[in-house]
Amino acid sequence: MCGIVGYSGHRRASEVLMDGLKRLEYRGYDSAGIAMVEDGHLALAKKQGELNVLQKTLPKFEGHTGIGHTRWATCGRPSDRNAHPFISCDGRLAIVHNGIIENYSALREKLEAEGHNFTSETDTEVIVHLLEHHYKGDLRQALTDTVSDVQGTYAIAAVKEGSEEIAAARKENPLVIGLGVKENFLASDVTALLSYTNKVLYILDGETVLLTPNGVTLHDQDGAEIQREPTVVTWSAEDAQKGGFEHFMLKEIFEGPNSIHNTLLGALDMIENGEVLPRIEFQSVKLVACGSSYHAAMVGKYAMEEFAGVPTTLELASEYRYSPGAREDPLVILITQSGETADTLAAAREARRRGCRTLAVTNVVGSTITREVDEVLYTRAGPEIGVAATKTFLTQLLAMYMLAIRIGYGNGTLSHDSMRSALSSLRQSSNFVQSVLNDVHSIEEVSRMLDNAVHCFFIGRNINYPTMLEGALKLKEISYIHAEGFAAGELKHGPLALLDSTTPVIAVAIKGDHTYEKMLANISEVAARDSPVLGVGVEGDNDLARLCEKMIYLPRVKPMFSPIPVTVALQVLSYYVANRRGCSIDKPKNLAKSVTVE
Ligand code: G6P
């Protein structure tokens, strides 16, 4: 969630850095700063708060080399003092850092004893003092020596006075170099670079980099120089802009059909040809994820058992990594849109340590998880800037179905015809999403039901139980209304006690699903407590409509695939409620897009 940018070239570096930091805002931050090489000396500007606070106090820097950072507090509260960059005691070196230094207390004690004066409460500050301790005229070597002293995770960028050099290193935190002509860039996320270049070099764990306007050199852990071909990124800078929508979130919801198309592109053929998961000899599957991705995993469990008949278990990544692991799960699927969630990465390592085969479902090519697992399935949803997952969640659902169908066909549960029919339903799913989006204004209208709610319940059964958990998560994330999702059958075991006319209940019942009648019964129980019910069902379902105060209608969809349009309808619902409440939709308070701490 912290962001790093670096620049060395012919432009005014402060402008490039501030522009890059702006593009990283979506990652979530509470303070920001830059360090510049100005007239041969280092100059620092850092502030708690949003980038415009920093911008207002920024001196007119003229230098051409610098580093910048947006911080999301983990060690030491948000403050000007704790903001990055940090500068050495002699004022000659400055650094920015993403990640956590685990042995910082011991290092700090040692460095203080040597006379280093600390000015912050952060773990990061030890890095700049260590760098100063090791610096003997070679910045890259000093950084290599520094990282060999630290335990933990990091992406670090360092500059020194009177120099155009930027040195950087990474371990379990992303770092990417952007290549230009007589200028080079560095960032923790490719989004920060796209308006300058699409030629990038991904830095791998253990590597260090030295960047100047005229070149970039990479070194491996042992100090040997390595060559790497640049990758050409196909995302344009415009992909990462709002494109006329009021918020990134709405834009990204509307990108759903196209994202689905991209997710399926290529992958469907690969599934039919058996190229995805070429070996399918396993008796059970475990799905591991956090947040919205966990809800996608829940849908995946239903799909896996339906299409493949494979016993499937679920675990939150933050729990899996510390679980006893009594029985090894032959295949562990890790779902993470960012590919950088600390708990999911740790779970991937744990799964491999336990001897499991690992497969990651992620949206970000080159993200850390892709290097931690045996196989990867990309969701290809494109960049998602809104903190609340929308199109990335949708495409995770597609990935879950695809994997289940692949495994089911491979193990003989699905015949060739059934496999083709299931894949054809997936192909049609972008039309279902489009038809929900064609009618967003009727969802906007019924969403007014939630405007004054303090509490809201979301209920569903079977494969739409997880979509209601996700619906509730979305509403609480962006509107700050207390929302909870329940398996409808569980209402009478407690939550029913909380219902009255002030608590709207959003209930999904898909005609044709084997739990449909049971859902109608649960909705009647709710209505009998005077709770206003907003029904989500298929067009023409008068039985459901009779029980509900208002309705959201979906196209007629096979129940098994209904989570796809249901998800989009609930994303739109939350969006309009939050918008009328004037909430910070793209950057909800206290939340971050990518949670790189445990
Ligand atoms: C954060 C985001 C959520 C996301 C979760 C897991 O909490 O705000 O939207 O679902 O992380 O992220 P991942 O990248 O692993 O899917």
# chains A, B, ... in the order shown; residues from 1 in each chain; ligands from 1
$ residues_near_ligand --ligand "ligand 1" --cutoff "10 Å" --atoms "only C-alpha atoms and all ligand atoms" --output "ChimeraX atom specification"
/A:1,27-28,288-296,317,334-345,361-364,369,386-390,392-393,396,470,473-474,477,587-588,590-596
$ residues_around --residues "His247 in chain A" --least-positions-apart "4" --cutoff "7 Å" --atoms "only C-alpha atoms" --output "count of residues only"
3
$ closest_residue --among "A:Arg77, A:Arg352, A:His219, A:His261" --to "Ser429 in chain A" --atoms "only C-alpha atoms"
A:His261
$ residues_around --residues "Gly274 in chain A" --least-positions-apart "4" --cutoff "9 Å" --atoms "only C-alpha atoms" --output "PDB file with all heavy atoms, in the first residue's frame"
ATOM      1  N   ASP A 269      -9.720 -21.636 -24.771  1.00  0.00           N
ATOM      2  CA  ASP A 269      -9.070 -22.611 -25.655  1.00  0.00           C
ATOM      3  C   ASP A 269      -8.107 -23.469 -24.853  1.00  0.00           C
ATOM      4  O   ASP A 269      -8.012 -24.674 -25.045  1.00  0.00           O
ATOM      5  CB  ASP A 269      -8.275 -21.883 -26.751  1.00  0.00           C
ATOM      6  CG  ASP A 269      -9.217 -21.325 -27.796  1.00  0.00           C
ATOM      7  OD1 ASP A 269     -10.395 -21.747 -27.779  1.00  0.00           O
ATOM      8  OD2 ASP A 269      -8.779 -20.474 -28.579  1.00  0.00           O
ATOM      9  N   MET A 270      -7.402 -22.803 -23.948  1.00  0.00           N
ATOM     10  CA  MET A 270      -6.420 -23.540 -23.147  1.00  0.00           C
ATOM     11  C   MET A 270      -7.112 -24.589 -22.282  1.00  0.00           C
ATOM     12  O   MET A 270      -6.568 -25.652 -22.023  1.00  0.00           O
ATOM     13  CB  MET A 270      -5.615 -22.575 -22.277  1.00  0.00           C
ATOM     14  CG  MET A 270      -4.617 -21.752 -23.087  1.00  0.00           C
ATOM     15  SD  MET A 270      -3.970 -20.377 -22.152  1.00  0.00           S
ATOM     16  CE  MET A 270      -2.902 -21.227 -21.001  1.00  0.00           C
ATOM     17  N   PRO A 278      -2.286 -28.672 -16.521  1.00  0.00           N
ATOM     18  CA  PRO A 278      -2.095 -29.858 -17.352  1.00  0.00           C
ATOM     19  C   PRO A 278      -2.169 -31.164 -16.559  1.00  0.00           C
ATOM     20  O   PRO A 278      -2.617 -32.172 -17.084  1.00  0.00           O
ATOM     21  CB  PRO A 278      -0.708 -29.651 -17.965  1.00  0.00           C
ATOM     22  CG  PRO A 278      -0.093 -28.514 -17.241  1.00  0.00           C
ATOM     23  CD  PRO A 278      -1.180 -27.723 -16.617  1.00  0.00           C
ATOM     24  N   ARG A 279      -1.749 -31.133 -15.293  1.00  0.00           N
ATOM     25  CA  ARG A 279      -1.847 -32.366 -14.487  1.00  0.00           C
ATOM     26  C   ARG A 279      -2.998 -32.174 -13.502  1.00  0.00           C
ATOM     27  O   ARG A 279      -3.028 -31.184 -12.780  1.00  0.00           O
ATOM     28  CB  ARG A 279      -0.556 -32.611 -13.712  1.00  0.00           C
ATOM     29  CG  ARG A 279       0.628 -32.946 -14.605  1.00  0.00           C
ATOM     30  CD  ARG A 279       1.878 -33.235 -13.789  1.00  0.00           C
ATOM     31  NE  ARG A 279       2.306 -32.110 -12.974  1.00  0.00           N
ATOM     32  CZ  ARG A 279       2.276 -32.080 -11.639  1.00  0.00           C
ATOM     33  NH1 ARG A 279       1.833 -33.117 -10.954  1.00  0.00           N
ATOM     34  NH2 ARG A 279       2.681 -31.022 -10.992  1.00  0.00           N
ATOM     35  N   ARG A 406     -12.359 -27.040 -15.917  1.00  0.00           N
ATOM     36  CA  ARG A 406     -11.139 -27.729 -16.390  1.00  0.00           C
ATOM     37  C   ARG A 406     -10.915 -29.021 -15.585  1.00  0.00           C
ATOM     38  O   ARG A 406     -10.659 -30.082 -16.145  1.00  0.00           O
ATOM     39  CB  ARG A 406      -9.931 -26.794 -16.257  1.00  0.00           C
ATOM     40  CG  ARG A 406      -8.585 -27.467 -16.236  1.00  0.00           C
ATOM     41  CD  ARG A 406      -8.245 -28.093 -17.583  1.00  0.00           C
ATOM     42  NE  ARG A 406      -7.106 -28.990 -17.499  1.00  0.00           N
ATOM     43  CZ  ARG A 406      -7.101 -30.249 -17.923  1.00  0.00           C
ATOM     44  NH1 ARG A 406      -8.183 -30.772 -18.471  1.00  0.00           N
ATOM     45  NH2 ARG A 406      -6.025 -30.990 -17.824  1.00  0.00           N
ATOM     46  N   TYR A 409     -13.668 -31.641 -16.299  1.00  0.00           N
ATOM     47  CA  TYR A 409     -13.505 -32.307 -17.597  1.00  0.00           C
ATOM     48  C   TYR A 409     -12.322 -33.272 -17.529  1.00  0.00           C
ATOM     49  O   TYR A 409     -12.394 -34.416 -17.980  1.00  0.00           O
ATOM     50  CB  TYR A 409     -13.303 -31.247 -18.686  1.00  0.00           C
ATOM     51  CG  TYR A 409     -13.114 -31.838 -20.047  1.00  0.00           C
ATOM     52  CD1 TYR A 409     -14.027 -32.749 -20.564  1.00  0.00           C
ATOM     53  CD2 TYR A 409     -12.019 -31.473 -20.827  1.00  0.00           C
ATOM     54  CE1 TYR A 409     -13.846 -33.301 -21.825  1.00  0.00           C
ATOM     55  CE2 TYR A 409     -11.832 -32.013 -22.092  1.00  0.00           C
ATOM     56  CZ  TYR A 409     -12.745 -32.933 -22.578  1.00  0.00           C
ATOM     57  OH  TYR A 409     -12.560 -33.480 -23.815  1.00  0.00           O
ATOM     58  N   GLY A 410     -11.284 -32.803 -16.897  1.00  0.00           N
ATOM     59  CA  GLY A 410     -10.070 -33.628 -16.800  1.00  0.00           C
ATOM     60  C   GLY A 410     -10.279 -34.899 -15.999  1.00  0.00           C
ATOM     61  O   GLY A 410      -9.713 -35.936 -16.322  1.00  0.00           O
TER      62      GLY A 410
END
$ residues_around --residues "Met304 in chain A" --least-positions-apart "5" --cutoff "8 Å" --atoms "only C-alpha atoms" --output "PDB file with all heavy atoms, in the first residue's frame"
ATOM      1  N   GLY A 309     -16.718 -32.375  -8.808  1.00  0.00           N
ATOM      2  CA  GLY A 309     -16.936 -33.373  -7.763  1.00  0.00           C
ATOM      3  C   GLY A 309     -15.720 -33.543  -6.858  1.00  0.00           C
ATOM      4  O   GLY A 309     -15.529 -34.597  -6.240  1.00  0.00           O
ATOM      5  N   VAL A 310     -14.899 -32.506  -6.772  1.00  0.00           N
ATOM      6  CA  VAL A 310     -13.685 -32.610  -5.947  1.00  0.00           C
ATOM      7  C   VAL A 310     -13.944 -31.964  -4.586  1.00  0.00           C
ATOM      8  O   VAL A 310     -14.363 -30.804  -4.534  1.00  0.00           O
ATOM      9  CB  VAL A 310     -12.498 -31.880  -6.636  1.00  0.00           C
ATOM     10  CG1 VAL A 310     -11.257 -31.914  -5.754  1.00  0.00           C
ATOM     11  CG2 VAL A 310     -12.207 -32.514  -7.970  1.00  0.00           C
ATOM     12  N   PRO A 311     -13.714 -32.692  -3.486  1.00  0.00           N
ATOM     13  CA  PRO A 311     -13.883 -32.067  -2.172  1.00  0.00           C
ATOM     14  C   PRO A 311     -12.989 -30.828  -2.067  1.00  0.00           C
ATOM     15  O   PRO A 311     -11.802 -30.887  -2.379  1.00  0.00           O
ATOM     16  CB  PRO A 311     -13.408 -33.146  -1.191  1.00  0.00           C
ATOM     17  CG  PRO A 311     -13.396 -34.419  -1.969  1.00  0.00           C
ATOM     18  CD  PRO A 311     -13.221 -34.056  -3.409  1.00  0.00           C
ATOM     19  N   THR A 312     -13.609 -29.716  -1.675  1.00  0.00           N
ATOM     20  CA  THR A 312     -12.882 -28.442  -1.674  1.00  0.00           C
ATOM     21  C   THR A 312     -13.041 -27.765  -0.327  1.00  0.00           C
ATOM     22  O   THR A 312     -14.157 -27.658   0.184  1.00  0.00           O
ATOM     23  CB  THR A 312     -13.441 -27.533  -2.789  1.00  0.00           C
ATOM     24  OG1 THR A 312     -13.365 -28.249  -4.023  1.00  0.00           O
ATOM     25  CG2 THR A 312     -12.671 -26.241  -2.919  1.00  0.00           C
ATOM     26  N   MET A 400     -12.605 -18.972 -11.258  1.00  0.00           N
ATOM     27  CA  MET A 400     -13.037 -20.106 -10.434  1.00  0.00           C
ATOM     28  C   MET A 400     -13.838 -21.101 -11.273  1.00  0.00           C
ATOM     29  O   MET A 400     -13.643 -22.303 -11.199  1.00  0.00           O
ATOM     30  CB  MET A 400     -13.884 -19.612  -9.255  1.00  0.00           C
ATOM     31  CG  MET A 400     -13.131 -18.812  -8.207  1.00  0.00           C
ATOM     32  SD  MET A 400     -11.956 -19.820  -7.289  1.00  0.00           S
ATOM     33  CE  MET A 400     -10.453 -19.427  -8.108  1.00  0.00           C
ATOM     34  N   TYR A 401     -14.766 -20.555 -12.068  1.00  0.00           N
ATOM     35  CA  TYR A 401     -15.565 -21.439 -12.927  1.00  0.00           C
ATOM     36  C   TYR A 401     -14.660 -22.170 -13.916  1.00  0.00           C
ATOM     37  O   TYR A 401     -14.803 -23.368 -14.147  1.00  0.00           O
ATOM     38  CB  TYR A 401     -16.619 -20.643 -13.701  1.00  0.00           C
ATOM     39  CG  TYR A 401     -17.788 -20.141 -12.874  1.00  0.00           C
ATOM     40  CD1 TYR A 401     -18.000 -18.785 -12.673  1.00  0.00           C
ATOM     41  CD2 TYR A 401     -18.700 -21.035 -12.303  1.00  0.00           C
ATOM     42  CE1 TYR A 401     -19.069 -18.317 -11.928  1.00  0.00           C
ATOM     43  CE2 TYR A 401     -19.775 -20.572 -11.554  1.00  0.00           C
ATOM     44  CZ  TYR A 401     -19.962 -19.221 -11.360  1.00  0.00           C
ATOM     45  OH  TYR A 401     -21.021 -18.775 -10.622  1.00  0.00           O
ATOM     46  N   LEU A 403     -11.520 -22.952 -13.754  1.00  0.00           N
ATOM     47  CA  LEU A 403     -10.705 -23.999 -13.130  1.00  0.00           C
ATOM     48  C   LEU A 403     -11.567 -25.218 -12.795  1.00  0.00           C
ATOM     49  O   LEU A 403     -11.158 -26.357 -13.005  1.00  0.00           O
ATOM     50  CB  LEU A 403     -10.028 -23.470 -11.864  1.00  0.00           C
ATOM     51  CG  LEU A 403      -8.867 -22.489 -12.119  1.00  0.00           C
ATOM     52  CD1 LEU A 403      -8.378 -21.896 -10.797  1.00  0.00           C
ATOM     53  CD2 LEU A 403      -7.714 -23.190 -12.834  1.00  0.00           C
ATOM     54  N   ALA A 404     -12.771 -24.937 -12.272  1.00  0.00           N
ATOM     55  CA  ALA A 404     -13.650 -26.053 -11.896  1.00  0.00           C
ATOM     56  C   ALA A 404     -14.027 -26.865 -13.131  1.00  0.00           C
ATOM     57  O   ALA A 404     -14.026 -28.105 -13.115  1.00  0.00           O
ATOM     58  CB  ALA A 404     -14.893 -25.511 -11.207  1.00  0.00           C
ATOM     59  N   ILE A 405     -14.321 -26.159 -14.210  1.00  0.00           N
ATOM     60  CA  ILE A 405     -14.706 -26.854 -15.447  1.00  0.00           C
ATOM     61  C   ILE A 405     -13.518 -27.653 -15.982  1.00  0.00           C
ATOM     62  O   ILE A 405     -13.658 -28.806 -16.400  1.00  0.00           O
ATOM     63  CB  ILE A 405     -15.231 -25.830 -16.490  1.00  0.00           C
ATOM     64  CG1 ILE A 405     -16.537 -25.205 -15.974  1.00  0.00           C
ATOM     65  CG2 ILE A 405     -15.431 -26.481 -17.844  1.00  0.00           C
ATOM     66  CD1 ILE A 405     -16.978 -23.962 -16.714  1.00  0.00           C
ATOM     67  N   ILE A 407     -11.025 -28.901 -14.280  1.00  0.00           N
ATOM     68  CA  ILE A 407     -10.761 -30.072 -13.436  1.00  0.00           C
ATOM     69  C   ILE A 407     -11.858 -31.117 -13.660  1.00  0.00           C
ATOM     70  O   ILE A 407     -11.587 -32.317 -13.784  1.00  0.00           O
ATOM     71  CB  ILE A 407     -10.642 -29.662 -11.951  1.00  0.00           C
ATOM     72  CG1 ILE A 407      -9.421 -28.753 -11.767  1.00  0.00           C
ATOM     73  CG2 ILE A 407     -10.527 -30.888 -11.046  1.00  0.00           C
ATOM     74  CD1 ILE A 407      -9.328 -28.066 -10.409  1.00  0.00           C
ATOM     75  N   GLY A 408     -13.102 -30.642 -13.761  1.00  0.00           N
ATOM     76  CA  GLY A 408     -14.219 -31.563 -13.964  1.00  0.00           C
ATOM     77  C   GLY A 408     -14.115 -32.320 -15.275  1.00  0.00           C
ATOM     78  O   GLY A 408     -14.398 -33.524 -15.344  1.00  0.00           O
TER      79      GLY A 408
END
$ closest_residue --among "A:Tyr576, A:Tyr553, A:Tyr480, A:Phe61" --to "Glu445 in chain A" --atoms "only C-alpha atoms"
A:Tyr576
